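J.: Got a structure here, written out as structure tokens. Questions coming.
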Amino acid sequence: MSDNRLIIFDTTLRDGEQSPGASMNLAEKLEIAHALAELGVDIIEAGFPIASPGDFESVQSISRQVTGPTICGLARCNPADIDRAWEALKEAPKPRIHVFLATSAIHREYKLKMAKEEIVRRAVEGVTRARGYCGNIEFSPEDAARTELEFLAEVVEKVIEAGATTINIPDTVGYAVPEQYAGAIRYLKQNVRGIDNIVISVHCHNDLGLAVSNSLAALKEGARQVECTINGLGERAGNCSLEEVVMAVRTRNDYFNLDVGIHTKRLLPTSRLVSRVTGIHVQRNKAIVGQNAFAHEAGIHQDGMLKHANTYEIMRPEDVGVSRTDLVLGKHSGRHALSQRIRDLGYHLDNAQLQKVFDDFKVLADRKKTIYDADIEALAESVLHFGPAVWTLEAVSCTGGSATVPVAAVVLWYKDGTLHREAGTGDGPIDAVFKTIERITGIDVKLRQFSITSVTEDEDAQGEAQVEAEFHGRILRGRAVSTDIIEASALAFLQVINRALLREQLKMNPQTEEVSVT
Ligand SMILES: [Zn+2]
């Protein structure tokens, strides 16, 4: 690999999934992994296999099914974690084990209660064990950015000797500032034997809004792998945003002089997919993929734009996947046109799913004159949604209005094929629907937010319902789209219920433990 090749390590499925409320099921993770492969990321960190049976299963499935990128699994520095990670990864054509152990004084003293010598010994043992399985090993000294440089250099040198092929320098708590962080990379470059034979990686958190800046500063000092997530998802304020770091390197190639293998036209479709799957909206003014990223409002800018796009635009919208031609599909559009559009929007459907979307599309096209991308996304979402649901909606209706008591009637399928009906009242029609669903399913959640927006701008637009609820201290989100807002609300709420049930199942499994890392 040339010295100028920048390796893109995506951790949307691992660190990104640790965002509050972003937990995904297997089908959702597979869908995103396929999209990441198509985007052209070099490495997918698919999960943390020992963390839960669900994590293990998704790393294993991604290893088996997703081709192209290297598939990576995370492990703490102990034999059980490393063995479990390998078990999940071993069928990947290109596997990588990522081992981590904290090195900063505060972690050593309070979390690990280990002296420096103990840390070095454990790190070397972990890397050696992982090397016994696989030739591609990444080591992360957790909280590296707050670790004494001399000690950091010592650990890094020892794990390189033990066979680590990538060394990641995480700013776990988002504390670093660009010059200082770059200085740490420079220090390691100058003081660690063997460092020129491995890849230096960066992993920055965004607590001070500096994740992308810190990452870029480190690239200037010779780091060649950047760990990042779609939409900057991740613990707390998130990680370095993939789309921002990639477009910075691309747009300012004159300054960075680095090659990236990302197909940038897939950035927006992938961003939308991740946002839909996790239920976490992208802020409007977010760089690259926000709705306003390429919108020009001021008259003087519009005038300049019309004369020459470069006057106010440093990137072409189409380069990141914004389509300027609004090709509208309608009743007479064929299966081929539809499936092409679905692919462009970032979805990977099999033939059966595609057929279902096509059937739904024909039904929708009868009800609605023009079908927009958002409509098609909604249809694709509904067939993906997403793995085996415990409860599915058969029918819902409700009455409202100021003079009557709101009453809802709900019919649900249970996964064993039985139908369940209930009717109930509430403070309003939607409340009545939600309460009735809770009664049928026996799951009580605490509603935190509920909203309905229209996904397109015409009169017969589909409504998108979003529900955020709390269940045993966890935030769960659901969203769904329908031309009927009551139906959309019921579907979104049911998604939350199904997610709550999934959490219950995981909790009942004794192998599950809560682990939170780097
Ligand atoms: Zn992290």
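Naming scheme: A, B, ... for chains in displayed order of the structure tokens; residues 1 onward per chain; ligands 1 onward as shown.
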For ligand 1, return the neighbouring residues as a short mmCIF file (atom, residue, chain, number, x, y, z; two decimals) with C-alpha atoms, in the first residue's frame (distance at most 12 Å; only C-alpha atoms and all ligand atoms).
T.:
data_model
loop_
_atom_site.label_atom_id
_atom_site.label_comp_id
_atom_site.auth_asym_id
_atom_site.auth_seq_id
_atom_site.Cartn_x
_atom_site.Cartn_y
_atom_site.Cartn_z
CA ASP A 10 -15.70 2.53 9.88
CA THR A 11 -17.00 1.86 13.37
CA THR A 12 -20.65 2.82 12.89
CA LEU A 13 -21.68 -0.70 13.89
CA ARG A 14 -19.55 -0.77 17.04
CA ASP A 15 -18.83 2.68 18.48
CA GLY A 16 -21.74 4.20 16.56
CA GLU A 17 -24.11 1.63 17.96
CA GLN A 18 -23.11 2.75 21.44
CA SER A 19 -24.92 6.06 20.82
CA GLU A 45 -15.63 -2.77 12.79
CA LEU A 74 -13.25 -5.72 19.22
CA PHE A 100 -7.62 -2.66 23.58
CA SER A 140 -5.56 0.48 21.05
CA PRO A 141 -4.16 1.96 24.24
CA GLU A 142 -7.50 3.27 25.49
CA ASP A 143 -7.43 6.91 26.57
CA ALA A 144 -4.08 7.29 24.78
CA ASN A 168 -4.60 3.12 17.17
CA ILE A 169 -4.26 6.24 19.33
CA PRO A 170 -7.72 6.91 20.75
CA ASP A 171 -8.84 10.18 22.21
CA THR A 172 -11.43 8.21 24.15
CA VAL A 173 -12.93 11.13 26.04
CA GLY A 174 -12.66 13.82 23.36
CA VAL A 202 -6.59 7.75 14.97
CA HIS A 203 -9.87 7.48 16.85
CA CYS A 204 -11.27 10.78 18.05
CA HIS A 205 -14.39 11.64 20.00
CA ASN A 206 -16.29 14.82 19.47
CA ASP A 207 -16.95 16.07 23.00
CA ALA A 211 -12.99 14.98 16.34
CA VAL A 226 -8.84 7.12 10.49
CA GLU A 227 -11.60 5.59 12.60
CA CYS A 228 -14.92 7.20 11.93
CA THR A 229 -18.66 6.70 11.72
CA GLY A 232 -20.51 11.03 13.34
CA LEU A 233 -22.52 8.62 15.49
CA GLY A 234 -20.92 7.32 18.64
CA GLU A 235 -20.72 7.48 22.40
CA ARG A 236 -21.85 10.84 23.84
CA ALA A 237 -21.16 13.58 21.25
CA GLY A 238 -20.01 10.94 18.79
CA ASN A 239 -16.97 10.10 16.71
CA CYS A 240 -15.15 11.64 13.81
CA SER A 241 -17.66 11.85 10.98
CA SER A 516 -18.74 0.23 27.21
CA VAL A 517 -15.43 1.14 25.68
CA THR A 518 -12.96 3.31 23.79
#
J.: Can you pull out every residue within 12 Å of A:Glu118, counting only C-alpha atoms, but drop anything in the same chain fewer than 3 positions away, and send it as a list of chain:residue names?
T.: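 That gives A:Cys77, A:Leu101, A:Ala102, A:Thr103, A:Arg108, A:Glu109, A:Leu112, A:Lys113, A:Met114, A:Ala115, A:Arg121, A:Arg122, A:Ala123, A:Val124, A:Glu125, A:Val155.
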J.: Between A:Ala182, A:Ala287, A:Val66, A:Ala293, single out the one closest to A:Ser213, counting only C-alpha atoms.
T.: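 Under the stated criterion, the closest residue is A:Ala182.
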J.: Would you give me, as JSON, numbers by chain, the residues in stretch 396-492 of chain A that DSSP reads as alpha helix (DSSP H)?
T.: {"A": [429, 430, 431, 432, 433, 434, 435, 436, 437, 438, 439, 440, 441, 485, 486, 487, 488, 489, 490, 491, 492]}
J.: Quick one: residues within 7 Å of stretch 398-410 of chain A, only C-alpha atoms, excluding same-chain residues fewer than 5 positions away - as a list of chain:residue names?
T.: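 Final neighbour list, sorted by chain and number: A:Arg421, A:Glu422, A:Ala423, A:Gly424, A:Thr425, A:Gly426, A:Asp427, A:Gly428, A:Pro429, A:Ala432, A:Val433, A:Thr436, A:Ile437.
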J.: Write out as a VMD selection string each polymer residue whose atoms come within 10 Å of A:Glu243, counting only C-alpha atoms; drop sequence neighbours fewer than 5 positions from it.
T.: chain A and resid 212 228 to 232 248 262 264 266 to 268 270 to 271 287 to 289 320
J.: Once you have the residues from the selection above, write them out as a PDB file, in the first residue's frame, restricted to C-alpha atoms.
T.:
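Okay, this is what ended up in part.pdb:
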ATOM      1  CA  VAL A 212     -12.536  15.746  12.637  1.00  0.00           C
ATOM      2  CA  CYS A 228     -14.916   7.205  11.926  1.00  0.00           C
ATOM      3  CA  THR A 229     -18.656   6.702  11.718  1.00  0.00           C
ATOM      4  CA  ILE A 230     -21.453   7.624   9.370  1.00  0.00           C
ATOM      5  CA  ASN A 231     -23.095  10.860  10.552  1.00  0.00           C
ATOM      6  CA  GLY A 232     -20.514  11.030  13.341  1.00  0.00           C
ATOM      7  CA  ALA A 248     -11.944  17.292   3.716  1.00  0.00           C
ATOM      8  CA  ILE A 262     -14.426   5.939  -0.838  1.00  0.00           C
ATOM      9  CA  THR A 264     -18.189   9.649  -2.416  1.00  0.00           C
ATOM     10  CA  ARG A 266     -22.574   6.902  -1.878  1.00  0.00           C
ATOM     11  CA  LEU A 267     -22.081   9.245   1.099  1.00  0.00           C
ATOM     12  CA  LEU A 268     -25.552  10.728   1.169  1.00  0.00           C
ATOM     13  CA  THR A 270     -25.418   5.770   3.297  1.00  0.00           C
ATOM     14  CA  SER A 271     -26.009   8.673   5.664  1.00  0.00           C
ATOM     15  CA  ALA A 287     -21.491  19.481   6.879  1.00  0.00           C
ATOM     16  CA  ILE A 288     -21.688  17.316   3.722  1.00  0.00           C
ATOM     17  CA  VAL A 289     -24.898  15.388   4.440  1.00  0.00           C
ATOM     18  CA  VAL A 320     -21.534  13.356  -2.375  1.00  0.00           C
TER      19      VAL A 320
END
J.: Quick check, in Å to one decimal: how far apart do atom CA of A:Leu364 and atom CA of A:Ala488 lie?
T.: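 For atom CA of A:Leu364 relative to atom CA of A:Ala488, the distance reads 14.3 Å.
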J.: If DSSP is run on the backbone, what residues of stretch 350-507 of chain A are strand (DSSP E)? A reply as an mmCIF file with N, CA and C atoms, in the first residue's frame would be ideal.
T.:
data_model
loop_
_atom_site.group_PDB
_atom_site.id
_atom_site.type_symbol
_atom_site.label_atom_id
_atom_site.label_comp_id
_atom_site.auth_asym_id
_atom_site.auth_seq_id
_atom_site.Cartn_x
_atom_site.Cartn_y
_atom_site.Cartn_z
ATOM 1 N N TRP A 391 -44.327 -8.642 17.257
ATOM 2 C CA TRP A 391 -45.699 -8.187 17.001
ATOM 3 C C TRP A 391 -45.760 -7.428 15.678
ATOM 4 N N THR A 392 -46.769 -7.704 14.870
ATOM 5 C CA THR A 392 -46.970 -6.902 13.661
ATOM 6 C C THR A 392 -48.422 -6.426 13.603
ATOM 7 N N LEU A 393 -48.578 -5.319 12.887
ATOM 8 C CA LEU A 393 -49.901 -4.678 12.855
ATOM 9 C C LEU A 393 -50.777 -5.289 11.770
ATOM 10 N N GLU A 394 -51.984 -5.664 12.153
ATOM 11 C CA GLU A 394 -52.971 -6.089 11.160
ATOM 12 C C GLU A 394 -53.899 -4.912 10.822
ATOM 13 N N ALA A 395 -54.413 -4.272 11.846
ATOM 14 C CA ALA A 395 -55.328 -3.146 11.587
ATOM 15 C C ALA A 395 -55.385 -2.220 12.788
ATOM 16 N N VAL A 396 -55.647 -0.943 12.508
ATOM 17 C CA VAL A 396 -55.836 0.019 13.586
ATOM 18 C C VAL A 396 -56.866 1.047 13.143
ATOM 19 N N SER A 397 -57.715 1.436 14.087
ATOM 20 C CA SER A 397 -58.592 2.560 13.786
ATOM 21 C C SER A 397 -58.846 3.314 15.078
ATOM 22 N N CYS A 398 -59.220 4.573 14.954
ATOM 23 C CA CYS A 398 -59.560 5.302 16.164
ATOM 24 C C CYS A 398 -60.494 6.451 15.846
ATOM 25 N N THR A 399 -61.182 6.876 16.870
ATOM 26 C CA THR A 399 -62.071 8.019 16.719
ATOM 27 C C THR A 399 -61.559 9.140 17.600
ATOM 28 N N VAL A 407 -61.358 6.675 21.235
ATOM 29 C CA VAL A 407 -61.344 5.222 21.368
ATOM 30 C C VAL A 407 -60.524 4.633 20.228
ATOM 31 N N ALA A 408 -59.701 3.649 20.544
ATOM 32 C CA ALA A 408 -58.917 2.995 19.500
ATOM 33 C C ALA A 408 -59.228 1.506 19.481
ATOM 34 N N ALA A 409 -59.206 0.939 18.294
ATOM 35 C CA ALA A 409 -59.289 -0.512 18.152
ATOM 36 C C ALA A 409 -58.039 -0.972 17.424
ATOM 37 N N VAL A 410 -57.377 -1.979 17.964
ATOM 38 C CA VAL A 410 -56.101 -2.429 17.395
ATOM 39 C C VAL A 410 -56.143 -3.948 17.229
ATOM 40 N N VAL A 411 -55.662 -4.414 16.081
ATOM 41 C CA VAL A 411 -55.517 -5.854 15.856
ATOM 42 C C VAL A 411 -54.057 -6.147 15.528
ATOM 43 N N LEU A 412 -53.450 -7.027 16.300
ATOM 44 C CA LEU A 412 -52.031 -7.350 16.100
ATOM 45 C C LEU A 412 -51.846 -8.846 15.876
ATOM 46 N N TRP A 413 -50.848 -9.170 15.071
ATOM 47 C CA TRP A 413 -50.391 -10.559 14.944
ATOM 48 C C TRP A 413 -49.274 -10.802 15.937
ATOM 49 N N TYR A 414 -49.338 -11.918 16.626
ATOM 50 C CA TYR A 414 -48.187 -12.352 17.416
ATOM 51 C C TYR A 414 -47.358 -13.283 16.543
ATOM 52 N N LEU A 419 -53.929 -14.002 16.303
ATOM 53 C CA LEU A 419 -54.417 -12.621 16.208
ATOM 54 C C LEU A 419 -54.898 -12.154 17.579
ATOM 55 N N HIS A 420 -54.593 -10.905 17.906
ATOM 56 C CA HIS A 420 -55.011 -10.357 19.198
ATOM 57 C C HIS A 420 -55.697 -9.018 18.974
ATOM 58 N N ARG A 421 -56.908 -8.867 19.525
ATOM 59 C CA ARG A 421 -57.640 -7.586 19.363
ATOM 60 C C ARG A 421 -57.960 -6.980 20.711
ATOM 61 N N GLU A 422 -57.941 -5.657 20.720
ATOM 62 C CA GLU A 422 -58.325 -4.930 21.931
ATOM 63 C C GLU A 422 -58.888 -3.582 21.513
ATOM 64 N N ALA A 423 -59.686 -3.019 22.381
ATOM 65 C CA ALA A 423 -60.092 -1.630 22.194
ATOM 66 C C ALA A 423 -59.815 -0.893 23.492
ATOM 67 N N GLY A 424 -59.568 0.414 23.394
ATOM 68 C CA GLY A 424 -59.272 1.155 24.619
ATOM 69 C C GLY A 424 -59.406 2.647 24.405
ATOM 70 N N THR A 425 -59.383 3.371 25.494
ATOM 71 C CA THR A 425 -59.505 4.824 25.410
ATOM 72 C C THR A 425 -58.186 5.478 25.801
ATOM 73 N N LYS A 446 -42.248 4.297 28.621
ATOM 74 C CA LYS A 446 -42.529 5.686 28.969
ATOM 75 C C LYS A 446 -42.257 6.541 27.736
ATOM 76 N N LEU A 447 -43.327 7.111 27.202
ATOM 77 C CA LEU A 447 -43.191 7.913 25.986
ATOM 78 C C LEU A 447 -42.439 9.204 26.297
ATOM 79 N N ARG A 448 -41.395 9.488 25.517
ATOM 80 C CA ARG A 448 -40.644 10.729 25.746
ATOM 81 C C ARG A 448 -40.881 11.748 24.656
ATOM 82 N N GLN A 449 -40.994 11.247 23.426
ATOM 83 C CA GLN A 449 -41.228 12.180 22.323
ATOM 84 C C GLN A 449 -42.061 11.523 21.251
ATOM 85 N N PHE A 450 -42.906 12.308 20.633
ATOM 86 C CA PHE A 450 -43.695 11.788 19.534
ATOM 87 C C PHE A 450 -43.880 12.906 18.526
ATOM 88 N N SER A 451 -43.638 12.611 17.258
ATOM 89 C CA SER A 451 -43.874 13.654 16.264
ATOM 90 C C SER A 451 -44.343 13.050 14.954
ATOM 91 N N ILE A 452 -45.078 13.843 14.207
ATOM 92 C CA ILE A 452 -45.471 13.439 12.857
ATOM 93 C C ILE A 452 -45.026 14.531 11.902
ATOM 94 N N THR A 453 -44.306 14.136 10.859
ATOM 95 C CA THR A 453 -43.934 15.104 9.832
ATOM 96 C C THR A 453 -44.292 14.518 8.482
ATOM 97 N N SER A 454 -44.400 15.378 7.483
ATOM 98 C CA SER A 454 -44.697 14.835 6.163
ATOM 99 C C SER A 454 -43.387 14.616 5.426
ATOM 100 N N GLY A 463 -47.118 10.501 5.827
ATOM 101 C CA GLY A 463 -46.709 11.034 7.120
ATOM 102 C C GLY A 463 -45.691 10.109 7.757
ATOM 103 N N GLU A 464 -44.688 10.706 8.358
ATOM 104 C CA GLU A 464 -43.703 9.907 9.075
ATOM 105 C C GLU A 464 -43.903 10.117 10.570
ATOM 106 N N ALA A 465 -44.118 9.033 11.291
ATOM 107 C CA ALA A 465 -44.273 9.126 12.741
ATOM 108 C C ALA A 465 -42.967 8.712 13.392
ATOM 109 N N GLN A 466 -42.567 9.457 14.407
ATOM 110 C CA GLN A 466 -41.370 9.117 15.167
ATOM 111 C C GLN A 466 -41.723 9.031 16.635
ATOM 112 N N VAL A 467 -41.280 7.955 17.225
ATOM 113 C CA VAL A 467 -41.576 7.728 18.630
ATOM 114 C C VAL A 467 -40.269 7.517 19.370
ATOM 115 N N GLU A 468 -40.120 8.180 20.499
ATOM 116 C CA GLU A 468 -38.976 7.914 21.360
ATOM 117 C C GLU A 468 -39.530 7.576 22.734
ATOM 118 N N ALA A 469 -39.111 6.440 23.273
ATOM 119 C CA ALA A 469 -39.657 6.010 24.552
ATOM 120 C C ALA A 469 -38.554 5.431 25.419
ATOM 121 N N GLU A 470 -38.834 5.373 26.705
ATOM 122 C CA GLU A 470 -37.859 4.840 27.636
ATOM 123 C C GLU A 470 -38.352 3.503 28.163
ATOM 124 N N PHE A 471 -37.461 2.541 28.213
ATOM 125 C CA PHE A 471 -37.821 1.219 28.699
ATOM 126 C C PHE A 471 -36.687 0.720 29.580
ATOM 127 N N ARG A 474 -33.493 2.558 29.145
ATOM 128 C CA ARG A 474 -32.930 2.620 27.801
ATOM 129 C C ARG A 474 -33.815 3.455 26.890
ATOM 130 N N ILE A 475 -33.200 4.224 26.006
ATOM 131 C CA ILE A 475 -33.966 4.976 25.021
ATOM 132 C C ILE A 475 -34.180 4.094 23.795
ATOM 133 N N LEU A 476 -35.417 3.957 23.382
ATOM 134 C CA LEU A 476 -35.716 3.185 22.179
ATOM 135 C C LEU A 476 -36.438 4.097 21.201
ATOM 136 N N ARG A 477 -36.133 3.923 19.920
ATOM 137 C CA ARG A 477 -36.774 4.761 18.922
ATOM 138 C C ARG A 477 -37.479 3.909 17.874
ATOM 139 N N GLY A 478 -38.529 4.478 17.330
ATOM 140 C CA GLY A 478 -39.194 3.817 16.221
ATOM 141 C C GLY A 478 -39.649 4.870 15.237
ATOM 142 N N ARG A 479 -39.697 4.484 13.974
ATOM 143 C CA ARG A 479 -40.324 5.397 13.034
ATOM 144 C C ARG A 479 -40.948 4.624 11.895
ATOM 145 N N ALA A 480 -41.978 5.186 11.333
ATOM 146 C CA ALA A 480 -42.679 4.500 10.261
ATOM 147 C C ALA A 480 -43.409 5.525 9.415
ATOM 148 N N VAL A 481 -43.717 5.106 8.212
ATOM 149 C CA VAL A 481 -44.318 6.014 7.245
ATOM 150 C C VAL A 481 -45.575 5.371 6.666
ATOM 151 N N SER A 482 -46.583 6.177 6.489
ATOM 152 C CA SER A 482 -47.797 5.706 5.822
ATOM 153 C C SER A 482 -48.554 6.926 5.321
#
